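Asker: Before I ask anything, here is the structure I am working with.
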Amino acid sequence: MTESERRTDGAGDSAGEPGIDEAMIERLVRAFYARVRDDDLLGPVFAAHIVDWEPHLQQICAFWSSVTLKSGRYSGRPMAKHLPLPVDARHFDRWLALFEETARDLCPPAAAARFTTHAKTIAESLELGIATRNGRLLMRGERFWRGSDG
């Protein structure tokens with residue numbers, strides 16, 4: 001079996017991802033980022049860094065394909081891209097709330113739960129990286145707040 005065949009063989013079941021496919025990922029990503037762009041907290045952060053949304057959406061679809069389907073489509077460095085952003089726990093909490101809401105609206109319950117589990121892990125990792133970049137080592141359960149200790 002070739003690497004390509006291993007990636008697509010049963011993706012969505014043997015990979016443990018309940019019914020998730022590329023079409024579902026694209027629907028979720030596009031709907032989620034439409035909500036992000038309209039959000040009072042997150043919209044300005046994204047607007048300051050993304051001019052052409054289509055390549056960004058395609059890259060995010062590739063990222064989620066790699067995360068959920070083990071497709072290997074994404075080869076970027078998400079941590080490096082997020083480190084300079086002026087975000088903290090408030091942003092990650094809002095990002096997760098919008099993501100969970102979008103996943104529940106668009107996906108079957110098992111798929112929404114799987115996406116949400118991955119999203120929580122990703123958000124935690126990014127928040128930890130951003131905190132460290134800003135000179136703050138977080139202990140288990142601590143959050144990164146800019147300014148005051150929120």
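Identifiers in this document derive from the order of the structure tokens: chains are assigned A, B, ..., residues are numbered from 1 separately in each chain, and ligands are numbered from 1 in order of occurrence.
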Find the residues around Phe144 of chain A up to 7 Å (only C-alpha atoms counted), leave out those fewer than 5 positions away in its own chain, and share them as a ChimeraX atom specification.
Answerer: /A:88-89,127,131
Asker: Mind the document's chain letters and residue numbers, and return as a PyMOL selection string the residues of segment 10-149 of chain A that DSSP labels helix (DSSP H, G or I).
Answerer: chain A and resi 22-38+42-47+53-69+78-82+89-106+109-133
Asker: Restricting the calculation to only C-alpha atoms, which member of A:Ala31, A:Met79, A:Leu98, A:Ile20 is positioned closest to Ser66 of chain A?
Answerer: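 Looking at the shortest contact to Ser66 of chain A, the residue is A:Ile20.
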Asker: Quick one: residues within 12 Å of Ala23 of chain A, only C-alpha atoms counted, chain neighbours fewer than 5 positions away excluded, as a list in words?
Answerer: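 The contact residues come out as Gly12, Leu28, Val29, Arg30, Cys61, Ala62, Trp64, Ser65, Leu69, Leu106 and Cys107 of chain A.
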Asker: Mind writing the picked residues with C-alpha atoms as an mmCIF file, in the first residue's frame?
Answerer:
data_model
loop_
_atom_site.group_PDB
_atom_site.id
_atom_site.type_symbol
_atom_site.label_atom_id
_atom_site.label_comp_id
_atom_site.auth_asym_id
_atom_site.auth_seq_id
_atom_site.Cartn_x
_atom_site.Cartn_y
_atom_site.Cartn_z
ATOM 1 C CA GLY A 12 -13.234 8.837 8.550
ATOM 2 C CA LEU A 28 -17.131 23.894 8.601
ATOM 3 C CA VAL A 29 -14.074 26.034 7.868
ATOM 4 C CA ARG A 30 -15.923 28.417 5.565
ATOM 5 C CA CYS A 61 -9.000 23.297 5.105
ATOM 6 C CA ALA A 62 -5.704 21.515 4.421
ATOM 7 C CA TRP A 64 -8.037 20.376 9.321
ATOM 8 C CA SER A 65 -7.743 17.614 6.723
ATOM 9 C CA LEU A 69 -8.103 12.668 8.262
ATOM 10 C CA LEU A 106 -23.193 21.881 10.618
ATOM 11 C CA CYS A 107 -21.937 18.451 11.655
#
Asker: Just want the 12 Å neighbourhood of Val45 of chain A, counted on only C-alpha atoms, with same-chain residues fewer than 2 positions away dropped. Output as a ChimeraX atom specification.
Answerer: /A:36-43,47-51,82,84-88,91-92,95
Asker: With only C-alpha atoms as the basis for distance, which of A:Thr102, A:His118, A:Arg90, A:Ala112 is at the shortest distance from Arg146 of chain A?
Answerer: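 Ranked by minimum distance to Arg146 of chain A, first place goes to A:Arg90.
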Asker: Go ahead and compute the interatomic distance for atom CA of Gly147 of chain A and atom CA of Ala119 of chain A, in Å to one decimal.
Answerer: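 Those two atoms sit 25.4 Å apart.
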Asker: Need to verify the contact set: Glu142 of chain A, 10 Å, only C-alpha atoms, exclusion of same-chain residues closer than 3 positions in sequence. Can you return it as a PDB file with N, CA, C and O atoms, in the first residue's frame?
Answerer:
ATOM      1  N   ALA A  89      -6.294  34.764  26.386  1.00  0.00           N
ATOM      2  CA  ALA A  89      -7.322  33.775  26.726  1.00  0.00           C
ATOM      3  C   ALA A  89      -8.706  34.183  26.225  1.00  0.00           C
ATOM      4  O   ALA A  89      -9.484  33.325  25.793  1.00  0.00           O
ATOM      5  N   LEU A 128      -0.543  28.498  24.910  1.00  0.00           N
ATOM      6  CA  LEU A 128       0.689  28.211  25.643  1.00  0.00           C
ATOM      7  C   LEU A 128       1.900  28.795  24.910  1.00  0.00           C
ATOM      8  O   LEU A 128       2.766  29.425  25.522  1.00  0.00           O
ATOM      9  N   LEU A 137       5.430  31.660  31.537  1.00  0.00           N
ATOM     10  CA  LEU A 137       5.325  30.206  31.544  1.00  0.00           C
ATOM     11  C   LEU A 137       4.074  29.834  32.326  1.00  0.00           C
ATOM     12  O   LEU A 137       3.939  30.188  33.494  1.00  0.00           O
ATOM     13  N   LEU A 138       3.172  29.155  31.673  1.00  0.00           N
ATOM     14  CA  LEU A 138       1.907  28.795  32.298  1.00  0.00           C
ATOM     15  C   LEU A 138       2.014  27.443  32.992  1.00  0.00           C
ATOM     16  O   LEU A 138       2.577  26.496  32.448  1.00  0.00           O
ATOM     17  N   MET A 139       1.443  27.375  34.166  1.00  0.00           N
ATOM     18  CA  MET A 139       1.313  26.103  34.874  1.00  0.00           C
ATOM     19  C   MET A 139       0.019  25.449  34.381  1.00  0.00           C
ATOM     20  O   MET A 139      -0.846  26.117  33.818  1.00  0.00           O
ATOM     21  N   TRP A 145      -3.345  36.024  30.022  1.00  0.00           N
ATOM     22  CA  TRP A 145      -4.100  37.271  29.924  1.00  0.00           C
ATOM     23  C   TRP A 145      -3.112  38.402  29.670  1.00  0.00           C
ATOM     24  O   TRP A 145      -2.111  38.510  30.357  1.00  0.00           O
TER      25      TRP A 145
END
Asker: Report, in Å to a single decimal, how far apart atom CA of Leu57 of chain A and atom CA of Tyr74 of chain A are.
Answerer: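 Taking atom CA of Tyr74 of chain A as the start and atom CA of Leu57 of chain A as the end point, the length is 12.1 Å.
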Asker: Identify which of the residues A:Pro44, A:Pro55, A:Pro108, A:Gly76 lies closest to Met24 of chain A, counting only C-alpha atoms when measuring atom-to-atom distances.
Answerer: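 Ranked by minimum distance to Met24 of chain A, first place goes to A:Pro108.
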Asker: Do you know which residues are at most 9 Å from Ala111 of chain A counting only C-alpha atoms, after dropping those on the same chain fewer than 4 positions away, and could you put them as a ChimeraX atom specification?
Answerer: /A:17-20,103-104,107,115-116
